[in-house]
$ cat structure-v5.csv   # CSV, C-alpha atoms
chain,number,residue,atom,x,y,z
A,1,MET,CA,-66.0,-50.0,71.0
A,2,ALA,CA,-65.2,-49.4,67.3
A,3,GLU,CA,-67.7,-50.7,64.8
A,4,GLN,CA,-66.6,-54.1,63.5
A,5,LYS,CA,-65.4,-54.0,60.0
A,6,PRO,CA,-67.1,-56.4,57.6
A,7,GLU,CA,-65.0,-59.4,56.6
A,8,PHE,CA,-64.7,-58.9,52.9
A,9,TRP,CA,-62.4,-61.9,52.4
A,10,ARG,CA,-64.9,-64.3,54.0
A,11,TRP,CA,-66.2,-66.8,51.5
A,12,HIS,CA,-69.1,-69.2,51.6
A,13,GLU,CA,-68.8,-72.4,53.7
A,14,TYR,CA,-71.3,-75.2,52.9
A,15,THR,CA,-72.1,-78.8,53.0
A,16,TRP,CA,-73.9,-81.0,50.5
A,17,ARG,CA,-75.5,-84.5,50.7
A,18,ASP,CA,-77.1,-86.7,48.1
A,19,GLU,CA,-80.5,-87.2,49.7
A,20,GLY,CA,-81.4,-89.9,47.2
A,21,LYS,CA,-78.8,-92.3,48.6
A,22,ASN,CA,-78.9,-94.3,51.8
A,23,TRP,CA,-75.3,-95.1,52.8
A,24,LYS,CA,-76.4,-98.3,54.5
A,25,ASP,CA,-77.1,-99.8,51.0
A,26,TYR,CA,-73.5,-99.5,50.0
A,27,GLU,CA,-70.5,-101.6,50.9
A,28,MET,CA,-67.5,-99.5,50.2
A,29,ILE,CA,-67.7,-96.3,52.2
A,30,THR,CA,-64.5,-94.2,51.8
A,31,ALA,CA,-63.6,-90.6,52.5
A,32,GLY,CA,-61.0,-88.0,51.5
A,33,VAL,CA,-60.0,-85.1,53.7
A,34,ASP,CA,-58.1,-82.2,52.1
A,35,ILE,CA,-56.7,-79.8,54.7
A,36,GLY,CA,-55.5,-76.8,52.8
A,37,SER,CA,-53.9,-73.7,54.2
A,38,VAL,CA,-57.1,-71.7,53.8
A,39,SER,CA,-59.9,-74.1,53.4
A,40,SER,CA,-60.7,-77.6,54.6
A,41,LYS,CA,-62.6,-80.0,52.4
A,42,ALA,CA,-64.0,-83.5,53.0
A,43,ALA,CA,-65.8,-85.8,50.7
A,44,VAL,CA,-67.5,-89.2,51.4
A,45,MET,CA,-68.0,-91.7,48.6
A,46,VAL,CA,-70.2,-94.8,48.6
A,47,ASP,CA,-69.0,-97.5,46.1
A,48,GLY,CA,-67.2,-94.8,44.2
A,49,GLU,CA,-70.1,-92.4,43.9
A,50,LEU,CA,-70.2,-89.0,45.7
A,51,TYR,CA,-72.4,-89.1,48.8
A,52,SER,CA,-71.6,-85.9,50.7
A,53,TYR,CA,-69.0,-83.2,50.9
A,54,SER,CA,-68.2,-80.2,53.0
A,55,LEU,CA,-66.1,-77.0,52.6
A,56,TYR,CA,-65.0,-75.0,55.7
A,57,ARG,CA,-62.4,-72.5,56.6
A,58,THR,CA,-59.2,-74.0,58.1
A,59,GLY,CA,-58.6,-72.8,61.6
A,60,SER,CA,-55.4,-72.5,63.5
A,61,SER,CA,-55.5,-76.2,64.4
A,62,SER,CA,-55.4,-78.7,61.5
A,63,PRO,CA,-56.8,-81.7,63.5
A,64,ASP,CA,-59.8,-79.5,64.6
A,65,SER,CA,-60.3,-78.4,61.0
A,66,ALA,CA,-60.2,-82.0,59.8
A,67,HIS,CA,-62.8,-83.0,62.4
A,68,LYS,CA,-65.0,-80.1,61.4
A,69,ALA,CA,-64.9,-80.9,57.7
A,70,MET,CA,-65.6,-84.6,58.4
A,71,GLN,CA,-68.5,-83.8,60.7
A,72,GLY,CA,-69.9,-81.6,58.0
A,73,CYS,CA,-70.1,-84.6,55.8
A,74,LEU,CA,-71.6,-86.9,58.4
A,75,GLU,CA,-74.2,-84.5,60.0
A,76,GLY,CA,-77.7,-85.7,59.7
A,77,THR,CA,-76.7,-89.0,58.0
A,78,GLY,CA,-76.5,-91.2,61.1
A,79,MET,CA,-73.1,-92.2,59.8
A,80,THR,CA,-70.1,-92.1,62.2
A,81,ILE,CA,-66.5,-91.9,61.4
A,82,ASP,CA,-66.1,-95.6,62.3
A,83,ASP,CA,-68.5,-96.5,59.5
A,84,ILE,CA,-66.0,-95.1,56.9
A,85,LYS,CA,-63.8,-98.0,55.9
A,86,PHE,CA,-60.9,-96.0,54.5
A,87,ILE,CA,-59.9,-92.4,54.9
A,88,VAL,CA,-57.2,-90.7,52.9
A,89,GLY,CA,-55.8,-87.4,54.1
A,90,THR,CA,-54.3,-84.9,51.7
A,91,GLY,CA,-53.3,-81.2,51.4
A,92,TYR,CA,-50.9,-79.0,53.2
A,93,GLY,CA,-52.1,-80.3,56.6
A,94,ARG,CA,-52.5,-83.9,55.6
A,95,VAL,CA,-50.1,-85.2,58.3
A,96,ASN,CA,-52.5,-83.6,60.9
A,97,VAL,CA,-55.6,-85.6,60.0
A,98,PRO,CA,-55.8,-87.8,63.1
A,99,PHE,CA,-58.3,-90.3,61.7
A,100,ALA,CA,-56.7,-90.8,58.2
A,101,HIS,CA,-55.5,-94.3,57.3
A,102,LYS,CA,-53.1,-93.0,54.8
A,103,THR,CA,-51.8,-89.7,53.4
A,104,VAL,CA,-51.4,-88.9,49.7
A,105,THR,CA,-49.9,-85.7,48.3
A,106,GLU,CA,-52.4,-83.1,47.1
A,107,ILE,CA,-50.7,-83.2,43.7
A,108,ALA,CA,-51.8,-86.8,43.1
A,109,CYS,CA,-55.2,-86.1,44.6
A,110,HIS,CA,-56.0,-83.0,42.5
A,111,ALA,CA,-55.1,-84.9,39.3
A,112,ARG,CA,-57.2,-87.8,40.3
A,113,GLY,CA,-60.1,-85.7,41.5
A,114,ALA,CA,-60.2,-83.4,38.5
A,115,ASN,CA,-59.9,-86.4,36.1
A,116,SER,CA,-62.7,-88.3,37.9
A,117,MET,CA,-65.0,-85.3,37.6
A,118,ASN,CA,-64.2,-84.8,33.9
A,119,ALA,CA,-62.5,-87.8,32.3
A,120,GLY,CA,-61.0,-85.7,29.5
A,121,VAL,CA,-58.9,-83.6,31.8
A,122,ARG,CA,-55.1,-83.8,31.3
A,123,THR,CA,-53.8,-80.5,32.5
A,124,ILE,CA,-54.8,-79.2,36.0
A,125,LEU,CA,-53.9,-75.9,37.4
A,126,ASP,CA,-54.5,-76.0,41.2
A,127,MET,CA,-54.7,-72.5,42.5
A,128,GLY,CA,-54.9,-73.0,46.3
A,129,GLY,CA,-54.7,-70.9,49.4
A,130,GLN,CA,-50.9,-70.6,49.6
A,131,ASP,CA,-49.5,-72.3,46.5
A,132,CYS,CA,-50.2,-73.0,43.0
A,133,LYS,CA,-49.5,-76.1,41.0
A,134,ALA,CA,-49.5,-77.1,37.4
A,135,ILE,CA,-50.1,-80.8,36.9
A,136,LEU,CA,-50.2,-83.0,33.8
A,137,CYS,CA,-52.0,-86.4,34.2
A,138,ASP,CA,-52.8,-89.4,32.0
A,139,GLU,CA,-56.2,-90.8,31.1
A,140,ARG,CA,-56.5,-92.5,34.5
A,141,GLY,CA,-55.6,-89.4,36.4
A,142,LYS,CA,-52.1,-90.5,37.3
A,143,VAL,CA,-49.6,-87.6,37.5
A,144,GLN,CA,-47.2,-87.3,34.6
A,145,GLN,CA,-45.6,-84.1,35.5
A,146,PHE,CA,-46.0,-81.4,38.1
A,147,LEU,CA,-44.6,-78.1,39.0
A,148,MET,CA,-45.4,-76.0,42.0
A,149,ASN,CA,-44.9,-72.5,43.3
A,150,ASP,CA,-45.1,-72.2,47.1
A,151,LYS,CA,-42.3,-69.7,47.6
A,152,CYS,CA,-44.5,-66.7,47.7
A,153,ALA,CA,-48.2,-65.8,48.1
A,154,ALA,CA,-48.6,-64.1,44.8
A,155,GLY,CA,-50.9,-66.1,42.6
A,156,THR,CA,-52.8,-67.6,45.5
A,157,GLY,CA,-56.1,-67.4,47.3
A,158,ARG,CA,-54.4,-65.8,50.4
A,159,GLY,CA,-53.2,-63.0,48.2
A,160,MET,CA,-56.7,-62.5,46.8
A,161,GLU,CA,-58.1,-62.3,50.4
A,162,VAL,CA,-55.5,-59.6,51.2
A,163,VAL,CA,-56.6,-57.6,48.2
A,164,SER,CA,-60.3,-58.0,48.9
A,165,ASP,CA,-59.8,-56.7,52.4
A,166,LEU,CA,-57.6,-53.9,51.2
A,167,LEU,CA,-60.1,-52.7,48.7
A,168,SER,CA,-63.2,-53.6,50.8
A,169,VAL,CA,-64.7,-55.7,48.0
A,170,PRO,CA,-66.4,-59.0,49.0
A,171,ILE,CA,-64.2,-61.8,47.6
A,172,GLY,CA,-67.0,-63.2,45.4
A,173,ASP,CA,-67.5,-59.9,43.6
A,174,ILE,CA,-63.9,-59.5,42.6
A,175,GLY,CA,-64.1,-61.5,39.4
A,176,PRO,CA,-67.2,-59.8,37.8
A,177,LEU,CA,-66.0,-56.4,38.9
A,178,SER,CA,-62.5,-56.8,37.4
A,179,LEU,CA,-64.0,-57.9,34.1
A,180,GLY,CA,-66.3,-54.9,33.8
A,181,VAL,CA,-63.5,-52.3,33.3
A,182,ASN,CA,-62.9,-50.2,30.2
A,183,ARG,CA,-59.2,-49.7,30.7
A,184,GLU,CA,-56.7,-51.8,32.6
A,185,PRO,CA,-53.8,-50.3,34.5
A,186,PRO,CA,-50.5,-52.0,34.1
A,187,PRO,CA,-50.4,-55.3,36.1
A,188,VAL,CA,-49.1,-55.0,39.6
A,189,SER,CA,-46.0,-57.0,40.8
A,190,SER,CA,-46.5,-60.6,40.0
A,191,THR,CA,-43.9,-62.0,42.3
A,192,CYS,CA,-44.8,-60.7,45.7
A,193,VAL,CA,-48.2,-60.1,47.4
A,194,VAL,CA,-46.8,-57.5,49.8
A,195,PHE,CA,-45.4,-55.5,46.9
A,196,ALA,CA,-48.6,-56.1,45.0
A,197,LYS,CA,-50.6,-54.6,47.9
A,198,THR,CA,-48.3,-51.5,47.9
A,199,GLU,CA,-48.6,-51.1,44.2
A,200,ALA,CA,-52.4,-51.5,44.4
A,201,VAL,CA,-52.5,-48.6,46.9
A,202,GLY,CA,-50.3,-46.6,44.5
A,203,LEU,CA,-52.7,-47.2,41.6
A,204,LEU,CA,-55.6,-46.0,43.6
A,205,ARG,CA,-53.8,-42.8,44.3
A,206,GLU,CA,-53.0,-42.4,40.7
A,207,GLY,CA,-56.7,-42.2,40.0
A,208,PHE,CA,-57.6,-45.7,39.0
A,209,ASP,CA,-60.8,-47.0,40.5
A,210,VAL,CA,-61.3,-50.1,42.6
A,211,ALA,CA,-62.5,-52.2,39.7
A,212,GLU,CA,-59.5,-51.2,37.6
A,213,VAL,CA,-57.1,-52.1,40.4
A,214,LEU,CA,-58.7,-55.4,40.8
A,215,ALA,CA,-58.3,-56.0,37.1
A,216,ALA,CA,-54.6,-55.2,37.5
A,217,TYR,CA,-54.3,-57.6,40.3
A,218,CYS,CA,-56.2,-60.4,38.5
A,219,ALA,CA,-54.0,-59.9,35.4
A,220,ALA,CA,-50.8,-60.1,37.5
A,221,MET,CA,-52.0,-63.3,39.1
A,222,ALA,CA,-53.1,-64.8,35.8
A,223,HIS,CA,-49.7,-63.9,34.2
A,224,ARG,CA,-47.8,-65.5,37.1
A,225,VAL,CA,-49.5,-68.8,36.9
A,226,VAL,CA,-49.4,-68.9,33.1
A,227,THR,CA,-45.6,-68.8,33.2
A,228,LEU,CA,-45.8,-71.8,35.5
A,229,ILE,CA,-48.2,-73.8,33.4
A,230,GLN,CA,-46.3,-73.0,30.2
A,231,ARG,CA,-43.3,-74.8,31.6
A,232,VAL,CA,-45.2,-78.1,31.8
A,233,GLY,CA,-47.2,-77.4,28.6
A,234,VAL,CA,-51.0,-77.5,28.2
A,235,GLN,CA,-52.8,-80.6,27.0
A,236,LYS,CA,-56.5,-80.6,26.5
A,237,GLU,CA,-58.7,-80.7,28.5
A,238,PHE,CA,-57.5,-78.0,30.8
A,239,ALA,CA,-59.1,-77.5,34.2
A,240,ILE,CA,-58.6,-75.1,37.1
A,241,THR,CA,-59.1,-76.4,40.6
A,242,GLY,CA,-58.8,-74.8,44.1
A,243,GLY,CA,-60.5,-71.7,45.4
A,244,ILE,CA,-59.3,-69.3,42.8
A,245,SER,CA,-61.2,-71.3,40.1
A,246,LYS,CA,-64.2,-69.5,41.4
A,247,ASN,CA,-62.8,-66.1,40.5
A,248,SER,CA,-63.8,-65.4,36.9
A,249,GLY,CA,-61.5,-62.4,36.7
A,250,VAL,CA,-58.5,-64.6,37.1
A,251,VAL,CA,-59.9,-67.6,35.1
A,252,LYS,CA,-60.9,-65.6,32.1
A,253,ARG,CA,-57.5,-63.9,32.0
A,254,ILE,CA,-55.6,-67.2,32.2
A,255,GLU,CA,-57.8,-68.6,29.4
A,256,LYS,CA,-57.0,-65.5,27.3
A,257,GLU,CA,-53.3,-65.6,27.9
A,258,LEU,CA,-53.1,-69.4,27.2
A,259,GLY,CA,-55.5,-69.4,24.4
A,260,VAL,CA,-57.3,-72.4,25.9
A,261,GLU,CA,-60.6,-72.6,27.6
A,262,ALA,CA,-60.9,-74.2,31.0
A,263,VAL,CA,-63.5,-77.0,31.3
A,264,GLU,CA,-66.1,-76.9,34.0
A,265,ILE,CA,-65.7,-79.6,36.7
A,266,ALA,CA,-68.8,-80.3,38.7
A,267,PRO,CA,-69.8,-80.2,41.4
A,268,ASP,CA,-67.1,-77.9,42.8
A,269,ALA,CA,-63.6,-77.4,41.6
A,270,GLN,CA,-62.5,-76.5,45.0
A,271,LEU,CA,-63.3,-80.1,46.1
A,272,ALA,CA,-61.0,-81.8,43.6
A,273,GLY,CA,-58.4,-82.7,46.2
A,274,ALA,CA,-60.9,-84.2,48.6
A,275,ILE,CA,-62.7,-86.1,45.9
A,276,GLY,CA,-59.4,-87.4,44.5
A,277,ALA,CA,-58.5,-88.5,48.0
A,278,ALA,CA,-61.8,-90.4,48.4
A,279,ASN,CA,-61.1,-92.1,45.1
A,280,PHE,CA,-57.6,-93.1,46.3
A,281,ALA,CA,-59.3,-94.4,49.5
A,282,LYS,CA,-61.7,-96.5,47.4
A,283,ASP,CA,-58.8,-98.1,45.5
A,284,LEU,CA,-56.8,-98.7,48.7
A,285,LEU,CA,-59.8,-100.3,50.4
A,286,ALA,CA,-60.4,-102.6,47.4
A,287,LYS,CA,-56.8,-103.6,47.6
A,288,GLN,CA,-57.1,-104.2,51.3
A,289,MET,CA,-60.2,-106.3,50.8
A,290,ALA,CA,-58.6,-108.3,48.0
A,291,ARG,CA,-55.7,-109.0,50.2
A,292,ALA,CA,-57.9,-110.1,53.2
A,293,GLY,CA,-60.1,-112.2,50.9
A,294,GLY,CA,-57.1,-113.9,49.2
B,295,MET,CA,-43.6,-88.7,36.2
B,296,LEU,CA,-41.5,-85.5,35.9
B,297,ALA,CA,-41.3,-84.0,39.4
B,298,ASN,CA,-40.1,-80.5,39.3
B,299,TYR,CA,-38.8,-79.3,42.7
B,300,GLY,CA,-37.8,-75.7,43.1
B,301,TYR,CA,-39.3,-72.3,42.1
B,302,SER,CA,-38.9,-69.4,39.9
B,303,ASP,CA,-38.5,-66.0,41.4
B,304,GLY,CA,-37.3,-62.5,40.4
B,305,SER,CA,-33.7,-63.8,39.9
B,306,GLY,CA,-34.4,-66.8,37.7
B,307,THR,CA,-35.8,-70.3,37.4
B,308,TYR,CA,-34.5,-73.0,39.6
B,309,TYR,CA,-35.9,-76.4,39.2
B,310,ILE,CA,-34.4,-79.9,39.8
B,311,THR,CA,-36.4,-82.3,37.6
B,312,LEU,CA,-36.6,-85.9,38.8
B,313,ASP,CA,-37.9,-88.4,36.3
B,314,THR,CA,-39.5,-91.0,38.4
B,315,ASP,CA,-40.1,-93.3,35.4
B,316,LYS,CA,-36.3,-93.5,35.0
B,317,CYS,CA,-35.5,-93.5,38.8
B,318,ASN,CA,-34.9,-97.0,40.1
B,319,GLY,CA,-34.7,-95.9,43.7
B,320,CYS,CA,-31.1,-97.0,44.1
B,321,GLY,CA,-30.2,-94.1,46.3
B,322,ASP,CA,-26.8,-93.3,44.8
B,323,CYS,CA,-27.7,-89.6,44.6
B,324,VAL,CA,-28.5,-89.6,48.3
B,325,THR,CA,-24.9,-90.3,49.2
B,326,ALA,CA,-23.5,-88.3,46.2
B,327,CYS,CA,-25.1,-85.0,47.1
B,328,PRO,CA,-22.8,-83.0,49.4
B,329,GLN,CA,-25.9,-81.2,50.8
B,330,GLN,CA,-27.9,-84.3,51.4
B,331,MET,CA,-30.8,-83.0,49.5
B,332,PHE,CA,-32.1,-86.3,48.1
B,333,LEU,CA,-34.3,-88.8,49.9
B,334,VAL,CA,-35.7,-92.1,48.6
B,335,GLU,CA,-39.2,-92.8,49.9
B,336,PRO,CA,-42.4,-94.5,48.7
B,337,ASP,CA,-44.4,-92.3,46.4
B,338,ASP,CA,-48.2,-91.9,46.1
B,339,TYR,CA,-48.3,-95.1,44.0
B,340,ASP,CA,-46.2,-97.1,46.6
B,341,ASP,CA,-43.0,-97.3,44.5
B,342,ASP,CA,-39.6,-96.2,46.1
B,343,LYS,CA,-38.6,-93.0,44.3
B,344,VAL,CA,-36.3,-90.2,44.9
B,345,VAL,CA,-37.5,-86.8,46.1
B,346,ILE,CA,-35.9,-83.5,47.2
B,347,LYS,CA,-36.3,-83.1,50.9
B,348,GLU,CA,-39.3,-80.9,51.6
B,349,ALA,CA,-37.5,-78.4,53.7
B,350,MET,CA,-34.9,-77.8,51.0
B,351,ARG,CA,-37.2,-77.2,48.0
B,352,LYS,CA,-37.4,-73.5,48.5
B,353,ASP,CA,-33.6,-73.1,48.7
B,354,VAL,CA,-32.3,-75.1,45.8
B,355,LYS,CA,-30.6,-72.1,44.3
B,356,TYR,CA,-28.4,-71.6,47.3
B,357,LEU,CA,-28.0,-75.3,48.3
B,358,CYS,CA,-26.8,-76.2,44.8
B,359,ALA,CA,-24.5,-73.2,44.5
B,360,PRO,CA,-21.3,-74.9,45.8
B,361,CYS,CA,-21.6,-77.5,43.0
B,362,LYS,CA,-22.3,-74.8,40.4
B,363,PRO,CA,-19.2,-72.6,40.0
B,364,THR,CA,-19.6,-69.6,37.7
B,365,ALA,CA,-16.6,-70.7,35.7
B,366,GLY,CA,-14.9,-74.1,35.2
B,367,PRO,CA,-16.3,-77.6,35.1
B,368,ARG,CA,-19.9,-78.1,36.1
B,369,GLU,CA,-20.2,-81.8,36.3
B,370,LEU,CA,-22.7,-82.1,39.1
B,371,PRO,CA,-22.3,-85.1,41.5
B,372,CYS,CA,-26.0,-85.9,41.5
B,373,GLU,CA,-26.3,-85.9,37.7
B,374,ALA,CA,-23.0,-87.8,37.2
B,375,THR,CA,-23.9,-90.5,39.7
B,376,CYS,CA,-27.4,-91.2,38.4
B,377,ALA,CA,-27.0,-94.2,36.1
B,378,PRO,CA,-30.5,-94.0,34.6
B,379,GLY,CA,-30.1,-90.2,34.1
B,380,ALA,CA,-33.1,-89.2,36.0
B,381,ILE,CA,-31.8,-85.9,37.4
B,382,VAL,CA,-31.8,-82.7,35.4
B,383,HIS,CA,-31.2,-79.1,36.6
B,384,SER,CA,-33.0,-76.2,34.9
B,385,TRP,CA,-30.2,-73.6,35.4
$ encode --input "structure-v5.csv" --output "C-alpha cells"
Amino acid sequence: MAEQKPEFWRWHEYTWRDEGKNWKDYEMITAGVDIGSVSSKAAVMVDGELYSYSLYRTGSSSPDSAHKAMQGCLEGTGMTIDDIKFIVGTGYGRVNVPFAHKTVTEIACHARGANSMNAGVRTILDMGGQDCKAILCDERGKVQQFLMNDKCAAGTGRGMEVVSDLLSVPIGDIGPLSLGVNREPPPVSSTCVVFAKTEAVGLLREGFDVAEVLAAYCAAMAHRVVTLIQRVGVQKEFAITGGISKNSGVVKRIEKELGVEAVEIAPDAQLAGAIGAANFAKDLLAKQMARAGG
Amino acid sequence: MLANYGYSDGSGTYYITLDTDKCNGCGDCVTACPQQMFLVEPDDYDDDKVVIKEAMRKDVKYLCAPCKPTAGPRELPCEATCAPGAIVHSW
C-alpha cells in the first residue's frame, strides 16, 4: 500500500472547561451550537458566563457533528444535555441540530458573540469555511447591516485547506510563512478557488517559491473580502471571526488594505458564533422564565 | 437592519438590499414579484420581516433579469409596490 500522505489541511480540535466553576451552583445553563460547513463549535454558559466550549471538524452528518461538539463541552463535567435549559442552534447546519430549542442565523450570532467578547466591536468580518460575511452591529450586538458571499469558495477556509494541501504546508504555518517573503508575486484569481489553485501551480512553475505563492494566495483572499467589507463600511472596533482569523497572513493583509487594525477577541474568534448562540439562549431562557413566572 | 442579499462576481455586483427597519411585514412585495422571490418570516429578533428566499439568493442577477430590460422603463414591481420604500437594488 502506498504511504499515507500527511493531512496538511488538518487543524487543531480541542475542548476547554472552566475548572473553577461548578455548574450545579448556577441556575441558567444555556448552550449554543454552531455547525459550520468545516468546523462544529459548541459553547456552554452558566448565568451568562462561559463554562466550556469545544471545536471539532464537521463530518458528513450534521446531527452527529452537533452531538460530538456538545459532548465535547459536557465531557467530565457530569452535566447531561438535559441539564441545559435552553440550546440555540446556528451556522450552516443549524436546522440539523436535533436537540436545539431554537435556531438563529449565524449572522446574528457572530455579531452577538464578537460583541460580547469585546464590547467595542461594531464591524465583524466572519471568514468561515465556505462563506464570508461582513456585519455591522450596534452597541448591544444587534445586526445593523450584513453582506455575505457564499457563491464561491474563494476567500474561505475551504479554499485555504485546498491550498495547504496543494503546497504541502501545514495549515497553521501558512500565515507566518506568507509574511516572511521578500517579494510578492501578483495575487492569484480572487473570484474562484479552482482558478486560484491552477494559478498557484503556474506561479510555482514560474519559479516563485512556496512561501511566495502562499503570499499571493493570502493577498488575493484579503483583497476579496476587503471589497466585501468596504461595501458595508468599517466602524471601529473591527474584529475578524471564523477560522481564517487564525491565519495571520490573511489578517495582516486585510488590516493593511483597510488601514484598520483588527482587535483580539478572546478566548477564540472561531467560537464567536457558538458563544453568540449561547447568549441568545440565555435571553430566550430568561424570557421563557419571565413568562412562566408571570 | 440593512440585509444585503446577492453576491458580486466577475460580471458585476448584484445585491437586493432590504431595510428591515422600514419593512412593516405587509407582504405586498411577495405578491408583486413575478418570480416569487420574497418571503415574510420571523427574523432573529422575532419580528415579521421580508427576506429573499434562500434558494434564490445566488441567482438574483438572472431571476431579476425579466424586470430589468436593457432599454426602456425600469420601474421594478417590488420597489414600486413597497410603500415604506424598503427595497433597493444595487444594479
$ atom_distance --input "structure-v5.csv" --atom1 "CA of Ala134 in chain A" --atom2 "CA of Cys218 in chain A"
18.0 Å
$ closest_residue --input "structure-v5.csv" --among "A:Leu136, A:Leu177, A:Val188, A:Val213" --to "chain B" --atoms "only C-alpha atoms"
A:Leu136
$ closest_residue --input "structure-v5.csv" --among "A:Tyr14, A:Phe280, A:Trp23, A:Tyr217" --to "chain B" --atoms "only C-alpha atoms"
A:Phe280
$ closest_residue --input "structure-v5.csv" --among "B:Ala380, B:Lys343, B:Thr307, B:Trp385" --to "Pro363 in chain B" --atoms "only C-alpha atoms"
B:Trp385
$ closest_atom_pairs --input "structure-v5.csv" --of "chain A" --to "chain B" --cutoff "7 Å" --atoms "all atoms listed in the file" --output "JSON lines"
{"residue": "A:Val104", "atom": "CA", "partner": "B:Asp338", "partner_atom": "CA", "distance": 5.7}
{"residue": "A:Thr105", "atom": "CA", "partner": "B:Asp338", "partner_atom": "CA", "distance": 6.8}
{"residue": "A:Ala108", "atom": "CA", "partner": "B:Asp338", "partner_atom": "CA", "distance": 6.9}
{"residue": "A:Val143", "atom": "CA", "partner": "B:Met295", "partner_atom": "CA", "distance": 6.2}
{"residue": "A:Gln144", "atom": "CA", "partner": "B:Met295", "partner_atom": "CA", "distance": 4.2}
{"residue": "A:Gln145", "atom": "CA", "partner": "B:Leu296", "partner_atom": "CA", "distance": 4.4}
{"residue": "A:Phe146", "atom": "CA", "partner": "B:Ala297", "partner_atom": "CA", "distance": 5.5}
{"residue": "A:Leu147", "atom": "CA", "partner": "B:Asn298", "partner_atom": "CA", "distance": 5.1}
{"residue": "A:Asn149", "atom": "CA", "partner": "B:Tyr301", "partner_atom": "CA", "distance": 5.7}
{"residue": "A:Lys151", "atom": "CA", "partner": "B:Lys352", "partner_atom": "CA", "distance": 6.3}
{"residue": "A:Thr191", "atom": "CA", "partner": "B:Asp303", "partner_atom": "CA", "distance": 6.8}
$ atom_distance --input "structure-v5.csv" --atom1 "CA of Cys109 in chain A" --atom2 "CA of Ala220 in chain A"
27.3 Å
$ residues_around --input "structure-v5.csv" --residues "range 340-342 of chain B" --least-positions-apart "2" --cutoff "10 Å" --atoms "only C-alpha atoms" --output "VMD selection string"
chain B and resid 314 317 to 321 333 to 338 344 to 345
$ write_last_selection --input "structure-v5.csv" --atoms "C-alpha atoms" --output "mmCIF file, keeping the file's coordinate frame"
data_model
loop_
_atom_site.group_PDB
_atom_site.id
_atom_site.type_symbol
_atom_site.label_atom_id
_atom_site.label_comp_id
_atom_site.auth_asym_id
_atom_site.auth_seq_id
_atom_site.Cartn_x
_atom_site.Cartn_y
_atom_site.Cartn_z
ATOM 1 C CA THR B 314 -39.500 -91.000 38.400
ATOM 2 C CA CYS B 317 -35.500 -93.500 38.800
ATOM 3 C CA ASN B 318 -34.900 -97.000 40.100
ATOM 4 C CA GLY B 319 -34.700 -95.900 43.700
ATOM 5 C CA CYS B 320 -31.100 -97.000 44.100
ATOM 6 C CA GLY B 321 -30.200 -94.100 46.300
ATOM 7 C CA LEU B 333 -34.300 -88.800 49.900
ATOM 8 C CA VAL B 334 -35.700 -92.100 48.600
ATOM 9 C CA GLU B 335 -39.200 -92.800 49.900
ATOM 10 C CA PRO B 336 -42.400 -94.500 48.700
ATOM 11 C CA ASP B 337 -44.400 -92.300 46.400
ATOM 12 C CA ASP B 338 -48.200 -91.900 46.100
ATOM 13 C CA VAL B 344 -36.300 -90.200 44.900
ATOM 14 C CA VAL B 345 -37.500 -86.800 46.100
#
$ atom_distance --input "structure-v5.csv" --atom1 "CA of Met117 in chain A" --atom2 "CA of Asp283 in chain A"
16.3 Å
$ residues_around --input "structure-v5.csv" --residues "range 27-43 of chain A" --least-positions-apart "6" --cutoff "6 Å" --atoms "only C-alpha atoms" --output "VMD selection string"
chain A and resid 52 to 58 69 to 70 84 to 94 129 273 to 275 277 to 278 281 to 282
$ write_last_selection --input "structure-v5.csv" --atoms "C-alpha atoms" --output "mmCIF file, in the coordinates of the input"
data_model
loop_
_atom_site.group_PDB
_atom_site.id
_atom_site.type_symbol
_atom_site.label_atom_id
_atom_site.label_comp_id
_atom_site.auth_asym_id
_atom_site.auth_seq_id
_atom_site.Cartn_x
_atom_site.Cartn_y
_atom_site.Cartn_z
ATOM 1 C CA SER A 52 -71.600 -85.900 50.700
ATOM 2 C CA TYR A 53 -69.000 -83.200 50.900
ATOM 3 C CA SER A 54 -68.200 -80.200 53.000
ATOM 4 C CA LEU A 55 -66.100 -77.000 52.600
ATOM 5 C CA TYR A 56 -65.000 -75.000 55.700
ATOM 6 C CA ARG A 57 -62.400 -72.500 56.600
ATOM 7 C CA THR A 58 -59.200 -74.000 58.100
ATOM 8 C CA ALA A 69 -64.900 -80.900 57.700
ATOM 9 C CA MET A 70 -65.600 -84.600 58.400
ATOM 10 C CA ILE A 84 -66.000 -95.100 56.900
ATOM 11 C CA LYS A 85 -63.800 -98.000 55.900
ATOM 12 C CA PHE A 86 -60.900 -96.000 54.500
ATOM 13 C CA ILE A 87 -59.900 -92.400 54.900
ATOM 14 C CA VAL A 88 -57.200 -90.700 52.900
ATOM 15 C CA GLY A 89 -55.800 -87.400 54.100
ATOM 16 C CA THR A 90 -54.300 -84.900 51.700
ATOM 17 C CA GLY A 91 -53.300 -81.200 51.400
ATOM 18 C CA TYR A 92 -50.900 -79.000 53.200
ATOM 19 C CA GLY A 93 -52.100 -80.300 56.600
ATOM 20 C CA ARG A 94 -52.500 -83.900 55.600
ATOM 21 C CA GLY A 129 -54.700 -70.900 49.400
ATOM 22 C CA GLY A 273 -58.400 -82.700 46.200
ATOM 23 C CA ALA A 274 -60.900 -84.200 48.600
ATOM 24 C CA ILE A 275 -62.700 -86.100 45.900
ATOM 25 C CA ALA A 277 -58.500 -88.500 48.000
ATOM 26 C CA ALA A 278 -61.800 -90.400 48.400
ATOM 27 C CA ALA A 281 -59.300 -94.400 49.500
ATOM 28 C CA LYS A 282 -61.700 -96.500 47.400
#
$ closest_residue --input "structure-v5.csv" --among "B:His383, B:Gln330, B:Lys316, B:Leu370" --to "Ile346 in chain B" --atoms "all atoms listed in the file"
B:Gln330
$ closest_residue --input "structure-v5.csv" --among "A:Val194, A:Val181, A:Ile240, A:Ala215" --to "Gln270 in chain A" --atoms "all atoms listed in the file"
A:Ile240
